[in-house]
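**Q** One structure, pasted below without further comment.
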Amino acid sequence: MFIALIFIMVLFQIITDGILLRPLNITNLVMQNSYVLILAIGMVLIIIAGHIDLSVGSVVAFVGAISAVLSINMHLPTYLVFLIALAVGAVIGAWQGFWVAYVKIPAFIVTLAGMLIFRGLTMLILKGESLAPFPKSYQLVSSGFIPDIFKGDSINLFTIIVGLVCTIIYVLVEINGRKKVKKYNLETTSIGIFAAKIVLIACLINLFSYILATYEGIPYILVILVVLILAYSFVMKRTTMGRKVYAIGGNANAASLSGIKTPHVTFWIFVNMGVLAALTGLVVAARLNAATPKAGTNFELDAIAACFIGGASAYGGIGTVGGAIVGALVMGVMNNGMSILGLGIDWQQTIKGFVLLLAVAFDVYNKNKAV
Amino acid sequence: MAEYILEMNGITKEFPGVKALDNVNLKVKKGEIHALCGENGAGKSTLMKVLSGVYPHGTYTGEILFNGEVCQFKDIKQSESLGIVIIHQELALIPNLSIAENIFLGNERARTGIINWPETFIQTERLLKKVGLRESPQTLIRNISVGKQQLVEIAKALSKEVKLLILDEPTSALNEVESENLLNLILEFKKQGITSIVISHKLNEIMKISDSITILRDGKTIETLDVKKDDVTEDRIIRGMVGRDLIHRYPDHTPHIGETILEIKDWTVCNPNNPDQKVVDHVNITVKRGEIVGIAGLMGAGRTEMAMSIFGRSYGKHIEGQIIKDSKPINIKSVQDAILHGFAYVTEDRKNFGLNLITSIKENMTLANLKGISNNTVIDESREILSVEDLRKKLRIKSSNILQLAGNLSGGNQQKVLLSKWVFTEPDILILDEPTRGIDVGAKYEIYTIIQQLADQGKAIILISSELPEILGMADRIYTMNKGKITGEILKEEATQEILMKYMTKVG
């Protein structure tokens with residue numbers, strides 16, 4: 001699927017006459033599509049466990065609305081608004097998690113109800129109107145950049161240096177990983193392919209940081225995204241919690257008989273989704289600089305599509321955070337590219353639908369060929 | 001050649017990387033019962049899939065002659081239209097549909113798409129009489145036992161006017177009484193002129209009913225024996241299957257039995273779907289360290305239910321009774337509790353309740369003891385790999401590496417992975433539920449050896465099995481169960497199949 005992403009980027013770069021990869025656009029791409037990335041991270045855990053969450057779009061709107069009321073109407077300090085908003089997300093997740101994990105109602109139904117309930121509550125709170133504008137401190141999360149502490153002239157030196165540091169860390173981690181795998185006589189890819197992959201990714205990292213550097217540098221939202229991606233990838237790959245999620249998705253009966261408290265795990269992944277949806281709500285409201293009753297419409301579909309494009313299985317037990325990110329980027333590049341081309345929402349939606357179908361079909365075809 | 005109803009000559013079938021069938025020859029005489037024997041992976045199921053058209057003409061080389069005519073089946077419907085019907089080991093019935101609907105599935109009594117229900121039910125009743133199944137045609141499949149479901153499958157085959165009936169491990173899920181029933185049915189069919197091919201690991205059954213036995217090993221035909229003419233013994237068949245002498249089916253073992261480690265007192269469990277029904281009824285058993293205690297019983301006796309209810313209340317409602325370990329009463333409320341108290345339960349249904357088939361051997365083996373490979377929830381990959389490799393070697397699991405998916409392993413290796421998973425929790429008490437179901441002779445022997453090694457380490461083993469020879473060969477002491485109650489306790493020295501059967505069918 002990574003190849004598909006590169007392919008789509010190249011395609012759009014050509015069609016848009018080179019606008020796609022311009023620094024201003026790349027920066028905008030990241031900031032406008034952060035919502036899909038954050039939601040996809042939470043959604044992929046849910047899908048791996050064999051469930052689904054249709055309510056995230058409505059939760060995004062609901063939390064945006066609550067934060068607007070707290071911030072704009074009640075003048076609470078921004079950090080407090082953020083904390084309360086995330087807590088609200090957790091409670092919503094707990095509410096839905098309770099019904100799914102303990103009462104054992106299918107997630108599809110519980111979250112479909114949630115989709116309706118929270119959209120309704122959003123409209124109640126906002127009395128059908130938008131609420132704006134947010135104080136400056138609030139808007140930072142979506143539109144602020146890390147200042148250049150090295151005070152470069154035309155480029156943001158700090159960003160370039162961060163890019164180089166990341167590259168070094170990446171190379172070291174990969175070499176270390178390969179050493180470990182060799183130690184246990186497990187299969188490794190040939191040294192040639194390994195080296196080529198490292199060089200390619202290193203170039204991409206630095207290209208990306210260079211592009212950012214020539215605009216305004218590293219947006220705060222990017223920092224949040226990178227932290228989330230690294231943290232969740234780690235949890236899913238390297239912790240017992242991650243193992244339990246995959247186990248439940250792969251065979252819930254076997255997991256229970258192995259001593260895994262399936263209801264607990266299920267409950268917590270829904271709480272997690274609630275928190276991430278709340279975070280997305282804050283980010284989206286900050287970006288629009290307003291809370292609107294229609295915020296978040298169809299976000300759940302984008303997030304779900306991202307997970308499946310990224311290789312998750314509809315039957316559960318298969319999927320990765322990395323895959324979901326690639327899938328989200330595919331959606332993001334398509335959103336962005338089509339907007340540059342001036343395509344209306346109607347066309348955008350049609351094309352996105354086809355791409356989702358073809359991407360997953362391609363994936364399934366490849367898997368069957370390998371067997 | 002009119003005496004042969006089926007000839008398969010020079011059949012070769014390859015998959016990427018493996019030759020499943022290598023110039024296999026099979027000749028089946030008209031009206032005979034022909035057994036097909038071989039270890040798991042020998043090629044028996046593959047051969048039958050080539051015959052029935054699951055692997056269509058063109059995907060194999062060699063020729064198939066049915067009643068003297070060359071056959072080039074493109075799909076199952078073509079083979080069925082000639083009267084070749086295969087009944088798979090995993091029954092192909094729809095649980096939520098009725099017996100009648102299942103029998104005529106794809107073959108409905110209908111005109112222009114509209115089903116004639118009265119006709120369907122009449123024909124169903126006729127077929128059920130032929131196989132000796134007393135059930136209403138409208139009974140749902142999920143409400144009848146596996147033994148009866150098997151009979152429905154056979155009725156289905158009869159409805160297709162079967163001439164050559166192929167049965168893949170037909171008695172693997174049946175108890176003694178149902179197996180006897182089924183074997184007699186196959187003999188009945190022989191009298192009616194139906195030819196049967198039976199694939200089975202149960203050598204005693206094969207010897208009872210077969211006229212000829214063809215042995216496959218590693219995709220090749222080893223020999224075909226004529227039961228009347230040749231000197232056929234179980235040992236000879238095993239030798240052909242395994243390629244070496246298996247002097248004993250069960251390893252020699254001197255038990256080292258210690259003090260009592262577990263007492264189950266007055267254990268009572270009710271059916272969750274029918275709280276008035278006692279599935280386990282005031283059961284009392286004791287187990288000592290180093291002892292292998294067998295639990296024998298017919299299907300439905302309540303053995304699995306007893307085991308699962310003890311193992312963290314994984315089954316049943318209104319559970320009452322005491323569990324006393326090392327002379328101390330303990331309360332086990334969840335599977336996690338059970339594991340912490342040193343219990344392990346190896347399920348009889350490894351595909352649905354035991355393994356995660358879409359993940360690796362490594363991840364399966366460590367699932368019940370994640371604490372053992374992690375520090376503060378972070379998994380220590382080195383420790384995990386070392387532990388898993390250690391288990392793989394100890395239990396002799398055949399796989400290219402530990403990252404292989406569990407779903408791609410043979411039945412025997414899957415069972416070993418499941419067993420390893422529980423060995424890794426370092427239990428004191430291991431409950432094994434049908435640990436060698438669906439596994440070939442060679443792998444069975446390996447698993448018996450492992451079980452005895454575990455007992456010698458001082459662990460207490462509870463062995464639930466429907467194969468009486470297995471219980472007689474392995475257990476030091478045997479409890480029999482019937483209708484939820486313990487009906488007998490017999491020492492190894494005094495036990496015979498007849499005595500066990502007597503107690504297994506005793507009421508009250």
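To be explicit about the labels: the chains of the structure tokens are called A, B, and onward in the order shown, and within each one the residues are counted from 1, while ligands get numbers from 1 in the order they are shown.
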Can you list every residue in range 245-419 of chain B that DSSP puts in helix (DSSP H, G or I), as a VMD selection string?
**A** chain B and resid 303 to 310 335 to 340 350 to 354 361 to 373 381 to 394 406 to 408 411 to 419
**Q** Set out as a Markdown table a contact list for chain A and chain B with a cut-off of 6 Å, giving each residue of chain A that qualifies its closest atom pair and distance in Å to one decimal, counting only C-alpha atoms, ordered by chain and rising residue number.
**A**
| residue | atom | partner | partner_atom | distance |
| --- | --- | --- | --- | --- |
| A:Arg238 | CA | B:Ile379 | CA | 5.4 |
| A:Thr239 | CA | B:Val378 | CA | 4.3 |
| A:Thr240 | CA | B:Thr377 | CA | 5.1 |
| A:Gly250 | CA | B:Asn356 | CA | 5.5 |
| A:Asn251 | CA | B:Asn356 | CA | 5.3 |
| A:Asn253 | CA | B:Phe353 | CA | 5.2 |
| A:Ala254 | CA | B:Phe353 | CA | 4.3 |
| A:Ser258 | CA | B:Ala368 | CA | 4.7 |
| A:Gly259 | CA | B:Gln336 | CA | 4.5 |
**Q** Put those residues in a file: C-alpha atoms, as a PDB file, in the first residue's frame.
**A**
ATOM      1  CA  ARG A 238       5.733  -4.235  21.496  1.00  0.00           C
ATOM      2  CA  THR A 239       3.418  -4.363  24.492  1.00  0.00           C
ATOM      3  CA  THR A 240       1.176  -6.981  26.005  1.00  0.00           C
ATOM      4  CA  GLY A 250      -8.039 -13.061  15.707  1.00  0.00           C
ATOM      5  CA  ASN A 251     -10.042 -15.464  17.857  1.00  0.00           C
ATOM      6  CA  ASN A 253     -12.870 -17.501  22.180  1.00  0.00           C
ATOM      7  CA  ALA A 254      -9.259 -18.630  22.207  1.00  0.00           C
ATOM      8  CA  SER A 258      -6.069 -18.040  27.365  1.00  0.00           C
ATOM      9  CA  GLY A 259      -6.786 -15.839  30.321  1.00  0.00           C
TER      10      GLY A 259
END
**Q** Can you pull out every residue within 12 Å of Val100 in chain A, counting only C-alpha atoms, but drop anything in the same chain fewer than 6 positions away, and send it as JSON, numbers by chain?
**A** {"A": [46, 49, 50, 51, 52, 53, 93, 94, 106, 107, 108, 109, 110, 111, 112, 113, 114, 262, 263, 264, 265, 266, 267, 268, 269, 270, 271]}
**Q** Could you save the residues just selected, with C-alpha atoms, as an mmCIF file, in the first residue's frame?
**A**
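Printed below is part_20.cif as written:
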data_model
loop_
_atom_site.group_PDB
_atom_site.id
_atom_site.type_symbol
_atom_site.label_atom_id
_atom_site.label_comp_id
_atom_site.auth_asym_id
_atom_site.auth_seq_id
_atom_site.Cartn_x
_atom_site.Cartn_y
_atom_site.Cartn_z
ATOM 1 C CA ILE A 46 -11.124 -0.979 17.103
ATOM 2 C CA ALA A 49 -10.335 -6.084 17.735
ATOM 3 C CA GLY A 50 -13.179 -6.967 15.413
ATOM 4 C CA HIS A 51 -15.451 -3.967 16.051
ATOM 5 C CA ILE A 52 -16.276 -0.666 14.388
ATOM 6 C CA ASP A 53 -17.020 2.873 15.585
ATOM 7 C CA GLY A 93 -15.801 6.121 24.992
ATOM 8 C CA ALA A 94 -16.565 4.497 28.329
ATOM 9 C CA PRO A 106 -22.736 -5.258 18.541
ATOM 10 C CA ALA A 107 -20.489 -2.220 18.168
ATOM 11 C CA PHE A 108 -22.151 -1.332 14.891
ATOM 12 C CA ILE A 109 -25.426 -0.682 16.669
ATOM 13 C CA VAL A 110 -24.022 1.010 19.764
ATOM 14 C CA THR A 111 -21.938 3.435 17.749
ATOM 15 C CA LEU A 112 -24.681 4.015 15.211
ATOM 16 C CA ALA A 113 -26.804 5.114 18.151
ATOM 17 C CA GLY A 114 -23.888 7.221 19.304
ATOM 18 C CA THR A 262 -11.740 -9.714 26.717
ATOM 19 C CA PRO A 263 -14.427 -7.332 28.040
ATOM 20 C CA HIS A 264 -11.797 -5.161 29.749
ATOM 21 C CA VAL A 265 -9.653 -4.854 26.665
ATOM 22 C CA THR A 266 -12.663 -4.077 24.493
ATOM 23 C CA PHE A 267 -13.851 -1.448 26.955
ATOM 24 C CA TRP A 268 -10.513 0.356 26.965
ATOM 25 C CA ILE A 269 -10.117 0.525 23.202
ATOM 26 C CA PHE A 270 -13.443 2.303 23.020
ATOM 27 C CA VAL A 271 -12.397 4.714 25.766
#
**Q** Give me the residues within 7 Å of range 161-170 of chain A as a list in words, counting only C-alpha atoms and dropping any in the same chain fewer than 6 places off.
**A** Ala202, Ile205, Asn206 and Ser209 of chain A
**Q** Those residues with C-alpha atoms, as a tab-separated table (two decimals), in the first residue's frame please?
**A**
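That gives us result_10.tsv:
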chain	number	residue	atom	x	y	z
A	202	ALA	CA	16.18	8.79	4.83
A	205	ILE	CA	12.48	12.29	5.74
A	206	ASN	CA	14.93	14.99	4.75
A	209	SER	CA	11.78	18.45	6.47
**Q** Could you tell me which of B:Gln415, B:Ser466, B:Ser52, B:Asn67 comes closest to Glu7 in chain B if we count only C-alpha atoms?
**A**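 Of all the options, B:Asn67 lies closest to Glu7 in chain B.
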**Q** If you run DSSP on the backbone here, which positions in range 290-319 of chain B get strand (DSSP E)? Please write them as a list in words.
**A** Ile292, Val293, Gly294, Ile295, Ala296, Gly297, Lys317, His318 and Ile319 of chain B
